[in-house]
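Novice: Structure file protein_13.csv (CSV, C-alpha atoms) is given on the next line.
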chain,number,residue,atom,x,y,z
O,1110,MET,CA,0.0,0.0,0.0
O,1111,LYS,CA,1.4,3.4,-1.0
O,1112,ARG,CA,2.2,5.7,1.9
O,1113,ILE,CA,0.7,9.2,1.9
O,1114,ASP,CA,3.4,11.8,1.4
O,1115,LEU,CA,2.6,14.3,4.1
O,1116,HIS,CA,5.5,16.5,2.9
O,1117,LEU,CA,3.7,16.8,-0.4
O,1118,LEU,CA,0.2,17.1,0.9
O,1119,GLY,CA,1.1,19.2,4.0
O,1120,PRO,CA,0.7,22.6,2.3
O,1121,LEU,CA,-2.7,21.7,0.9
O,1122,ILE,CA,-3.8,20.5,4.3
O,1123,ALA,CA,-2.6,23.7,5.9
O,1124,LEU,CA,-4.4,25.8,3.2
O,1125,VAL,CA,-7.7,24.0,3.9
O,1126,GLY,CA,-7.2,24.3,7.6
O,1127,LEU,CA,-6.6,28.1,7.4
O,1128,PHE,CA,-9.7,28.5,5.2
O,1129,ILE,CA,-11.8,26.7,7.7
O,1130,LEU,CA,-10.3,28.7,10.6
O,1131,GLY,CA,-10.9,32.0,8.8
O,1132,ALA,CA,-14.5,31.1,8.2
O,1133,LEU,CA,-15.1,30.1,11.8
O,1134,LEU,CA,-13.4,33.2,13.3
O,1135,ASN,CA,-15.2,35.8,11.2
O,1136,PRO,CA,-18.1,35.3,8.8
O,1137,ALA,CA,-16.8,38.3,6.7
O,1138,PHE,CA,-13.9,36.0,5.7
O,1139,LEU,CA,-16.1,34.2,3.1
O,1140,ALA,CA,-17.5,37.4,1.6
O,1141,PRO,CA,-16.7,37.5,-2.2
O,1142,ALA,CA,-15.2,41.0,-1.7
O,1143,ASN,CA,-12.8,39.8,0.9
O,1144,LEU,CA,-11.8,36.7,-1.0
O,1145,SER,CA,-11.3,38.8,-4.2
O,1146,ASN,CA,-9.1,41.2,-2.2
O,1147,VAL,CA,-7.0,38.4,-0.8
O,1148,LEU,CA,-6.5,36.8,-4.1
O,1149,ALA,CA,-5.8,40.1,-5.9
O,1150,ARG,CA,-3.2,41.2,-3.4
O,1151,SER,CA,-1.6,37.8,-3.4
O,1152,ALA,CA,-1.2,38.0,-7.2
O,1153,PHE,CA,1.8,40.4,-7.0
O,1154,ILE,CA,3.8,38.1,-4.7
O,1155,GLY,CA,2.4,35.0,-6.6
O,1156,LEU,CA,3.8,36.2,-10.0
O,1157,ILE,CA,7.2,36.9,-8.4
O,1158,ALA,CA,7.1,33.6,-6.5
O,1159,VAL,CA,6.5,31.6,-9.8
O,1160,GLY,CA,9.7,33.1,-11.2
O,1161,MET,CA,11.5,32.6,-7.9
O,1162,THR,CA,10.6,28.9,-8.0
O,1163,PHE,CA,12.7,28.5,-11.2
O,1164,VAL,CA,15.6,30.5,-9.7
O,1165,ILE,CA,15.7,28.5,-6.4
O,1166,THR,CA,15.2,25.2,-8.2
O,1167,GLN,CA,18.4,25.7,-10.2
O,1168,GLY,CA,20.2,26.5,-7.0
O,1169,GLY,CA,20.1,30.3,-7.1
O,1170,LEU,CA,18.4,33.0,-5.0
O,1171,ASP,CA,17.2,36.6,-5.7
O,1172,LEU,CA,16.9,39.1,-2.8
O,1173,SER,CA,16.4,42.1,-5.1
O,1174,VAL,CA,12.8,41.4,-6.3
O,1175,GLY,CA,11.1,43.8,-3.9
O,1176,SER,CA,13.4,46.8,-4.6
O,1177,MET,CA,13.4,45.9,-8.3
O,1178,ALA,CA,9.6,46.2,-8.3
O,1179,ALA,CA,9.8,49.6,-6.6
O,1180,PHE,CA,12.3,50.8,-9.2
O,1181,LEU,CA,10.3,49.4,-12.1
O,1182,ALA,CA,7.1,51.1,-10.8
O,1183,GLY,CA,9.0,54.3,-10.4
O,1184,ILE,CA,10.4,54.4,-14.0
O,1185,ALA,CA,7.1,53.2,-15.5
O,1186,ILE,CA,5.3,56.1,-13.7
O,1187,MET,CA,8.0,58.6,-14.8
O,1188,ALA,CA,7.8,57.3,-18.4
O,1189,MET,CA,4.0,57.7,-18.6
O,1190,ASN,CA,4.0,61.1,-17.0
O,1191,ALA,CA,6.7,62.2,-19.5
O,1192,LEU,CA,4.9,60.8,-22.5
O,1193,ALA,CA,1.4,62.1,-21.5
O,1194,PRO,CA,1.9,65.6,-22.9
O,1195,ILE,CA,3.2,64.1,-26.2
O,1196,THR,CA,1.1,61.1,-26.8
O,1197,GLY,CA,-1.9,62.1,-24.7
O,1198,VAL,CA,-3.8,60.5,-21.9
O,1199,ASN,CA,-4.8,57.3,-23.6
O,1200,TRP,CA,-4.1,53.6,-23.6
O,1201,GLY,CA,-1.2,54.0,-26.0
O,1202,THR,CA,0.7,55.9,-23.2
O,1203,VAL,CA,-0.3,53.3,-20.6
O,1204,LEU,CA,0.9,50.5,-22.9
O,1205,LEU,CA,4.2,52.2,-23.3
O,1206,GLY,CA,4.6,52.5,-19.6
O,1207,MET,CA,3.7,48.8,-19.2
O,1208,GLY,CA,6.4,48.1,-21.8
O,1209,VAL,CA,9.0,50.0,-19.8
O,1210,ALA,CA,8.2,48.0,-16.7
O,1211,LEU,CA,8.3,44.6,-18.5
O,1212,VAL,CA,11.5,45.3,-20.5
O,1213,GLY,CA,13.1,46.9,-17.5
O,1214,GLY,CA,12.4,43.8,-15.4
O,1215,LEU,CA,13.7,41.5,-18.1
O,1216,LEU,CA,16.9,43.5,-18.3
O,1217,ALA,CA,17.3,43.8,-14.5
O,1218,GLY,CA,16.9,40.1,-14.2
O,1219,ALA,CA,19.4,39.5,-17.0
O,1220,VAL,CA,21.9,41.7,-15.3
O,1221,ASN,CA,21.6,39.7,-12.0
O,1222,GLY,CA,21.9,36.5,-14.0
O,1223,ALA,CA,24.9,37.7,-15.9
O,1224,LEU,CA,26.7,38.7,-12.7
O,1225,VAL,CA,26.0,35.2,-11.3
O,1226,THR,CA,27.0,33.2,-14.4
O,1227,LYS,CA,29.6,35.4,-16.2
O,1228,ALA,CA,31.2,37.1,-13.3
O,1229,ARG,CA,30.7,34.0,-11.1
O,1230,ILE,CA,29.7,35.9,-8.0
O,1231,GLU,CA,27.5,34.2,-5.4
O,1232,PRO,CA,23.8,34.9,-6.0
O,1233,PHE,CA,23.3,36.1,-2.4
O,1234,ILE,CA,26.0,38.7,-2.8
O,1235,VAL,CA,24.9,39.8,-6.3
O,1236,THR,CA,21.2,40.2,-5.4
O,1237,LEU,CA,22.0,41.8,-2.0
O,1238,GLY,CA,24.0,44.4,-3.9
O,1239,THR,CA,21.3,45.0,-6.6
O,1240,MET,CA,18.6,45.2,-3.9
O,1241,GLY,CA,20.4,48.2,-2.4
O,1242,ILE,CA,21.0,49.7,-5.8
O,1243,PHE,CA,17.4,49.5,-7.0
O,1244,ARG,CA,16.0,50.8,-3.7
O,1245,SER,CA,18.4,53.7,-3.7
O,1246,LEU,CA,17.6,54.6,-7.3
O,1247,VAL,CA,13.9,54.8,-6.8
O,1248,THR,CA,14.4,56.8,-3.6
O,1249,TRP,CA,16.7,59.2,-5.5
O,1250,LEU,CA,14.3,59.5,-8.5
O,1251,ALA,CA,11.5,60.3,-6.0
O,1252,ASP,CA,13.8,62.8,-4.2
O,1253,GLY,CA,13.0,60.9,-1.0
O,1254,GLY,CA,9.3,61.2,-1.5
O,1255,THR,CA,6.7,59.6,-3.8
O,1256,LEU,CA,6.4,59.3,-7.6
O,1257,SER,CA,2.7,59.8,-8.5
O,1258,LEU,CA,1.0,58.9,-11.7
O,1259,ASP,CA,-0.9,61.7,-13.6
O,1260,SER,CA,-4.5,61.8,-12.4
O,1261,GLY,CA,-5.9,61.2,-15.9
O,1262,LEU,CA,-3.7,58.2,-16.5
O,1263,ARG,CA,-4.5,56.9,-13.1
O,1264,ALA,CA,-8.2,56.9,-13.8
O,1265,LEU,CA,-7.6,55.2,-17.1
O,1266,TYR,CA,-5.2,52.6,-15.7
O,1267,ARG,CA,-7.3,51.7,-12.6
O,1268,PRO,CA,-9.4,48.9,-14.3
O,1269,VAL,CA,-6.2,46.9,-14.8
O,1270,TYR,CA,-6.2,46.2,-11.1
O,1271,PHE,CA,-9.9,46.8,-10.1
O,1272,GLY,CA,-11.6,45.5,-13.2
O,1273,GLY,CA,-12.1,41.9,-14.3
O,1274,ILE,CA,-14.8,39.2,-14.9
O,1275,GLY,CA,-17.3,39.5,-12.1
O,1276,TRP,CA,-15.5,39.5,-8.7
O,1277,ILE,CA,-12.4,37.8,-10.3
O,1278,THR,CA,-10.1,40.7,-11.1
O,1279,TRP,CA,-7.4,40.8,-13.7
O,1280,PRO,CA,-4.5,40.3,-11.3
O,1281,ILE,CA,-6.1,37.0,-10.2
O,1282,ILE,CA,-6.7,35.9,-13.8
O,1283,VAL,CA,-3.1,36.8,-14.9
O,1284,PHE,CA,-1.7,35.0,-11.8
O,1285,ALA,CA,-3.7,31.9,-12.6
O,1286,ILE,CA,-2.5,31.8,-16.2
O,1287,VAL,CA,1.1,32.4,-15.3
O,1288,ALA,CA,0.9,29.7,-12.6
O,1289,VAL,CA,-0.5,27.1,-15.1
O,1290,ILE,CA,2.1,28.0,-17.7
O,1291,GLY,CA,4.9,27.8,-15.0
O,1292,GLU,CA,3.8,24.4,-13.8
O,1293,TRP,CA,3.6,23.1,-17.3
O,1294,THR,CA,7.0,24.5,-18.1
O,1295,MET,CA,8.6,22.9,-15.1
O,1296,ARG,CA,7.0,19.5,-15.6
O,1297,HIS,CA,6.9,19.1,-19.4
O,1298,THR,CA,9.6,21.1,-21.1
O,1299,ARG,CA,13.3,20.6,-21.7
O,1300,PHE,CA,13.9,24.0,-19.9
O,1301,GLY,CA,12.2,22.8,-16.8
O,1302,ARG,CA,14.1,19.5,-16.8
O,1303,HIS,CA,17.3,21.3,-17.2
O,1304,VAL,CA,16.5,23.7,-14.3
O,1305,GLU,CA,15.9,20.7,-12.0
O,1306,ALA,CA,19.0,18.9,-13.3
O,1307,ILE,CA,21.2,21.9,-12.6
O,1308,GLY,CA,19.9,22.3,-9.1
O,1309,SER,CA,20.5,18.6,-8.4
O,1310,ASN,CA,24.0,18.5,-9.7
O,1311,ASP,CA,25.3,21.2,-12.0
O,1312,ARG,CA,28.5,19.2,-12.8
O,1313,VAL,CA,26.5,16.2,-14.0
O,1314,ALA,CA,24.2,18.5,-16.0
O,1315,ARG,CA,27.2,20.0,-17.7
O,1316,TYR,CA,28.5,16.6,-18.6
O,1317,SER,CA,25.0,15.8,-20.0
O,1318,ALA,CA,25.4,18.7,-22.5
O,1319,VAL,CA,23.2,21.1,-20.6
O,1320,ASP,CA,24.2,24.8,-21.1
O,1321,VAL,CA,24.3,25.5,-17.4
O,1322,GLU,CA,25.2,29.2,-17.6
O,1323,ARG,CA,22.5,29.9,-20.2
O,1324,VAL,CA,19.7,28.2,-18.3
O,1325,ARG,CA,20.7,29.9,-15.1
O,1326,LEU,CA,20.7,33.3,-16.8
O,1327,LEU,CA,17.3,32.6,-18.3
O,1328,THR,CA,15.8,31.8,-14.9
O,1329,TYR,CA,16.9,35.2,-13.6
O,1330,ALA,CA,15.7,36.9,-16.7
O,1331,LEU,CA,12.3,35.1,-16.4
O,1332,LEU,CA,12.1,36.2,-12.7
O,1333,GLY,CA,12.8,39.8,-13.7
O,1334,ALA,CA,10.1,39.7,-16.4
O,1335,LEU,CA,7.6,38.4,-13.9
O,1336,VAL,CA,8.6,41.2,-11.5
O,1337,GLY,CA,7.9,43.6,-14.3
O,1338,LEU,CA,4.5,42.0,-14.9
O,1339,ALA,CA,3.7,42.1,-11.2
O,1340,THR,CA,4.6,45.8,-11.3
O,1341,ILE,CA,2.2,46.4,-14.2
O,1342,LEU,CA,-0.6,45.1,-12.1
O,1343,TYR,CA,0.5,46.9,-8.9
O,1344,VAL,CA,0.9,50.4,-10.2
O,1345,PRO,CA,-2.9,51.0,-10.9
O,1346,ARG,CA,-3.7,50.0,-7.3
O,1347,LEU,CA,-2.2,53.0,-5.7
O,1348,GLY,CA,-0.9,55.0,-8.7
O,1349,SER,CA,2.4,55.7,-7.0
O,1350,ALA,CA,5.8,54.4,-6.1
O,1351,SER,CA,8.4,55.2,-3.4
O,1352,GLY,CA,11.4,53.9,-1.6
O,1353,SER,CA,9.0,51.8,0.6
O,1354,THR,CA,7.3,50.0,-2.3
O,1355,GLY,CA,7.8,46.3,-2.3
O,1356,VAL,CA,9.4,46.1,1.1
O,1357,LEU,CA,9.8,42.4,2.2
O,1358,TRP,CA,8.3,41.1,-1.1
O,1359,GLU,CA,11.5,39.0,-1.5
O,1360,LEU,CA,10.8,37.4,2.0
O,1361,GLU,CA,7.2,36.6,1.0
O,1362,ALA,CA,8.2,35.2,-2.4
O,1363,ILE,CA,10.9,33.0,-0.9
O,1364,ALA,CA,8.7,31.9,1.9
O,1365,ALA,CA,5.9,30.9,-0.5
O,1366,VAL,CA,8.4,28.9,-2.6
O,1367,ILE,CA,9.8,27.0,0.4
O,1368,ILE,CA,6.4,26.4,2.0
O,1369,GLY,CA,5.2,24.9,-1.3
O,1370,GLY,CA,7.9,22.2,-1.3
O,1371,THR,CA,10.6,23.5,-3.6
O,1372,ALA,CA,14.0,22.5,-2.2
O,1373,LEU,CA,16.0,25.5,-0.9
O,1374,LYS,CA,19.2,23.9,-2.2
O,1375,GLY,CA,17.6,23.3,-5.6
O,1376,GLY,CA,16.9,20.2,-7.6
O,1377,ARG,CA,13.1,20.0,-7.0
O,1378,GLY,CA,10.6,22.6,-8.0
O,1379,ARG,CA,6.8,22.8,-7.5
O,1380,VAL,CA,5.1,25.7,-9.1
O,1381,TRP,CA,1.7,24.4,-7.9
O,1382,GLY,CA,3.1,24.2,-4.4
O,1383,THR,CA,4.4,27.8,-4.7
O,1384,VAL,CA,0.8,28.9,-5.5
O,1385,VAL,CA,-0.4,27.1,-2.4
O,1386,GLY,CA,2.3,28.8,-0.4
O,1387,VAL,CA,1.3,32.2,-1.6
O,1388,LEU,CA,-2.3,31.6,-0.6
O,1389,ILE,CA,-1.3,30.3,2.8
O,1390,LEU,CA,0.7,33.5,3.5
O,1391,SER,CA,-2.2,35.7,2.2
O,1392,LEU,CA,-4.8,33.9,4.3
O,1393,ILE,CA,-2.6,34.2,7.4
O,1394,ASP,CA,-2.3,38.0,6.8
O,1395,ASN,CA,-6.0,38.3,6.1
O,1396,ILE,CA,-7.0,36.3,9.2
O,1397,LEU,CA,-4.8,38.5,11.4
O,1398,ASN,CA,-6.4,41.6,10.0
O,1399,LEU,CA,-10.0,40.3,10.5
O,1400,THR,CA,-9.4,38.9,14.0
O,1401,ASP,CA,-7.6,39.9,17.2
O,1402,LEU,CA,-5.6,36.6,17.6
O,1403,VAL,CA,-2.2,38.3,17.0
O,1404,SER,CA,-1.2,41.8,16.0
O,1405,PRO,CA,-0.9,42.2,12.2
O,1406,TYR,CA,2.4,43.8,12.8
O,1407,LEU,CA,3.8,40.4,13.7
O,1408,ASN,CA,3.1,39.1,10.2
O,1409,GLY,CA,6.7,39.3,9.2
O,1410,ALA,CA,7.8,37.4,12.3
O,1411,ILE,CA,5.2,34.7,11.5
O,1412,GLN,CA,6.5,34.4,7.9
O,1413,GLY,CA,10.1,34.1,9.3
O,1414,VAL,CA,9.1,31.3,11.6
O,1415,ILE,CA,7.3,29.5,8.7
O,1416,ILE,CA,10.4,29.7,6.5
O,1417,VAL,CA,12.6,28.2,9.3
O,1418,LEU,CA,10.1,25.4,10.0
O,1419,ALA,CA,9.7,24.6,6.3
O,1420,VAL,CA,13.5,24.3,5.9
O,1421,VAL,CA,13.7,22.1,9.0
O,1422,LEU,CA,11.0,19.8,7.6
O,1423,GLN,CA,12.8,19.7,4.2
O,1424,ARG,CA,16.1,18.7,6.0
O,1425,GLU,CA,14.4,16.0,8.0
O,1426,LYS,CA,12.7,14.5,4.9
O,1427,ARG,CA,16.0,14.6,3.0
O,1428,THR,CA,17.8,12.8,5.9
O,1429,ALA,CA,15.0,10.2,6.1
O,1430,ASP,CA,15.3,9.6,2.3
O,1431,GLU,CA,19.0,9.2,2.5
O,1432,ARG,CA,18.6,6.5,5.1
Let me see the file written as structure tokens.
Specialist:
Amino acid sequence: MKRIDLHLLGPLIALVGLFILGALLNPAFLAPANLSNVLARSAFIGLIAVGMTFVITQGGLDLSVGSMAAFLAGIAIMAMNALAPITGVNWGTVLLGMGVALVGGLLAGAVNGALVTKARIEPFIVTLGTMGIFRSLVTWLADGGTLSLDSGLRALYRPVYFGGIGWITWPIIVFAIVAVIGEWTMRHTRFGRHVEAIGSNDRVARYSAVDVERVRLLTYALLGALVGLATILYVPRLGSASGSTGVLWELEAIAAVIIGGTALKGGRGRVWGTVVGVLILSLIDNILNLTDLVSPYLNGAIQGVIIVLAVVLQREKRTADER
């Protein structure tokens, strides 16, 4: 009789348990408006976490995604504000701003990947450095304050976050599509197999004719592009960006990936697990806001504890498998 893998099903059980707990503690938890808000706000971290799954699976790490999102939001807003007097307050201007965020994210991710693969600097050091660079740049561009989108463009852009199909908003739909594509890519494409092979043993992968440096660079570029996509969906929510935008997003993305069962040392990636991890973190935050169980200000501490516990469980499972 096949044993039930609790390590595999654990995140799903936790998600169901949190859903039941939230419903019992506050009836407002099940309101469509609340669920829509939870899912929409989780979409930003979810998109980034899907990309982070590929980076961590190949044995890398990216600590710069939060500050990268702030920087991309800032330059996208500046680009739209600068173009508005020329191209007008229309969707063409908004689309150009979206392009700036998407291309900027792709380039920023590629720079991180190039420093890791070409300069052979540890991912932790590279992304720790670029985290400070991106955060400082957006603070400088905002002159220590806030970059705000033109009011006309903001009104035009708002439906990208607040609109959708019924109560299912566009960020939720985009996140769902990206998650499905990400899981399919990891499970059924050569790129996904190469990512897992590199994370398991990059030397063996290289002997198997896998272009290790190219695949690693592509994972960082993919993550950067998804940060850009998340930024496109985030900007219409508030219509502004500052040095505090995206703070701790990297912690939430990494936590979601690890909770979902992706091995921190690489070699095994689960995009579907990452989605579950994102929802777990979002539900915890929402439950804390709706109840008086624990102060919402302790959410970061709870996430830190969850990361540590997830890594400990992974280590115990790996030790048991080796026996």
Novice: If I take atom CA of O:Gly1333 and atom CA of O:Gly1197, how far is one from the other in Å, to one decimal?
Specialist: 28.9 Å
Novice: Could you name the residues that touch stretch 1281-1293 of chain O at 7 Å or less, counting only C-alpha atoms, but leaving out those on the same chain fewer than 2 positions away, as a PDB file with C-alpha atoms, in the frame of the given file?
Specialist:
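That gives us result26.pdb:
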ATOM      1  CA  LEU O1148      -6.500  36.800  -4.100  1.00  0.00           C
ATOM      2  CA  ALA O1149      -5.800  40.100  -5.900  1.00  0.00           C
ATOM      3  CA  ALA O1152      -1.200  38.000  -7.200  1.00  0.00           C
ATOM      4  CA  GLY O1155       2.400  35.000  -6.600  1.00  0.00           C
ATOM      5  CA  LEU O1156       3.800  36.200 -10.000  1.00  0.00           C
ATOM      6  CA  VAL O1159       6.500  31.600  -9.800  1.00  0.00           C
ATOM      7  CA  ILE O1277     -12.400  37.800 -10.300  1.00  0.00           C
ATOM      8  CA  THR O1278     -10.100  40.700 -11.100  1.00  0.00           C
ATOM      9  CA  TRP O1279      -7.400  40.800 -13.700  1.00  0.00           C
ATOM     10  CA  MET O1295       8.600  22.900 -15.100  1.00  0.00           C
ATOM     11  CA  ARG O1296       7.000  19.500 -15.600  1.00  0.00           C
ATOM     12  CA  HIS O1297       6.900  19.100 -19.400  1.00  0.00           C
ATOM     13  CA  VAL O1380       5.100  25.700  -9.100  1.00  0.00           C
ATOM     14  CA  TRP O1381       1.700  24.400  -7.900  1.00  0.00           C
TER      15      TRP O1381
END
Novice: Please list, as a ChimeraX atom specification, the residues that have an atom at most 9 Å away from (1.2, 22.2, 3.1) in the coordinates of this file, counting all atoms listed in the file.
Specialist: /O:1115-1124,1368-1370,1382,1385-1386,1389
Novice: To one decimal place, how far is atom CA of O:Gly1208 from atom CA of O:Arg1325 in Å?
Specialist: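 Between atom CA of O:Gly1208 and atom CA of O:Arg1325 the gap works out to 24.1 Å.
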Novice: Counting only C-alpha atoms, which residue out of O:Ala1350, O:Val1336, O:Val1220, O:Ala1158 sits closest to O:Gly1253?
Specialist: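 Of all the options, O:Ala1350 lies closest to O:Gly1253.
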Novice: With all atoms listed in the file as the basis for distance, which of O:Trp1358, O:Trp1200, O:Phe1163, O:Tyr1406 is at the shortest distance from O:Ile1307?
Specialist: O:Phe1163
Novice: So the first atom is atom CA of O:Leu1422 and the second is atom CA of O:Ala1314; what is the distance between them in Å, to one decimal place?
Specialist: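 Straight-line distance from atom CA of O:Leu1422 to atom CA of O:Ala1314 works out to 27.1 Å.
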Novice: Nearest to O:Val1247: which of O:Asn1143, O:Ser1391, O:Ser1176, O:Ser1151 is it, counting all atoms listed in the file?
Specialist: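 Smallest distance to O:Val1247 is found for O:Ser1176.
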Novice: Find the spatial neighbours of O:Met1187, counting only C-alpha atoms, within a cut-off of 9 Å - ignore same-chain residues fewer than 2 positions away - and output them as an NGL selection string.
Specialist: :O and (1182-1185 or 1189-1192 or 1206 or 1250 or 1256-1258)
Novice: Let me make sure I understand: among O:Gly1126, O:Gly1413, O:Gly1337, O:Gly1352, which one has the smallest atom-to-atom distance to O:Thr1248 if we use all atoms listed in the file?
Specialist: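 For O:Thr1248, the nearest of the given residues is O:Gly1352.
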Novice: Of the residues O:Asn1199, O:Ser1245, O:Asn1395, O:Gln1412, which is the one nearest to O:Arg1150, using only C-alpha atoms?
Specialist: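 Distance minimum relative to O:Arg1150 lands on O:Asn1395.
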Novice: Would you please work out which residue, of O:Ala1228, O:Val1147, O:Ala1306, O:Val1344, is nearest to O:Val1203 when using all atoms listed in the file?
Specialist: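 Closest candidate: O:Val1344.
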Novice: So which residues are close to (6.6, 45.8, 4.1), meaning at most 10 Å away in the file's coordinates with all atoms listed in the file counted, and can you show them as a PyMOL selection string?
Specialist: chain O and resi 1175+1353-1358+1360-1361+1406+1408-1409
Novice: As a PDB file with C-alpha atoms, keeping the file's coordinate frame, please: the residues near O:Gly1238 (cut-off 12 Å, all atoms listed in the file, same-chain neighbours under 6 positions excluded).
Specialist:
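And here is the file that came out, around_23.pdb:
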ATOM      1  CA  ASP O1171      17.200  36.600  -5.700  1.00  0.00           C
ATOM      2  CA  LEU O1172      16.900  39.100  -2.800  1.00  0.00           C
ATOM      3  CA  SER O1173      16.400  42.100  -5.100  1.00  0.00           C
ATOM      4  CA  VAL O1174      12.800  41.400  -6.300  1.00  0.00           C
ATOM      5  CA  SER O1176      13.400  46.800  -4.600  1.00  0.00           C
ATOM      6  CA  MET O1177      13.400  45.900  -8.300  1.00  0.00           C
ATOM      7  CA  VAL O1220      21.900  41.700 -15.300  1.00  0.00           C
ATOM      8  CA  ASN O1221      21.600  39.700 -12.000  1.00  0.00           C
ATOM      9  CA  LEU O1224      26.700  38.700 -12.700  1.00  0.00           C
ATOM     10  CA  VAL O1225      26.000  35.200 -11.300  1.00  0.00           C
ATOM     11  CA  ILE O1230      29.700  35.900  -8.000  1.00  0.00           C
ATOM     12  CA  GLU O1231      27.500  34.200  -5.400  1.00  0.00           C
ATOM     13  CA  PRO O1232      23.800  34.900  -6.000  1.00  0.00           C
ATOM     14  CA  ARG O1244      16.000  50.800  -3.700  1.00  0.00           C
ATOM     15  CA  SER O1245      18.400  53.700  -3.700  1.00  0.00           C
TER      16      SER O1245
END
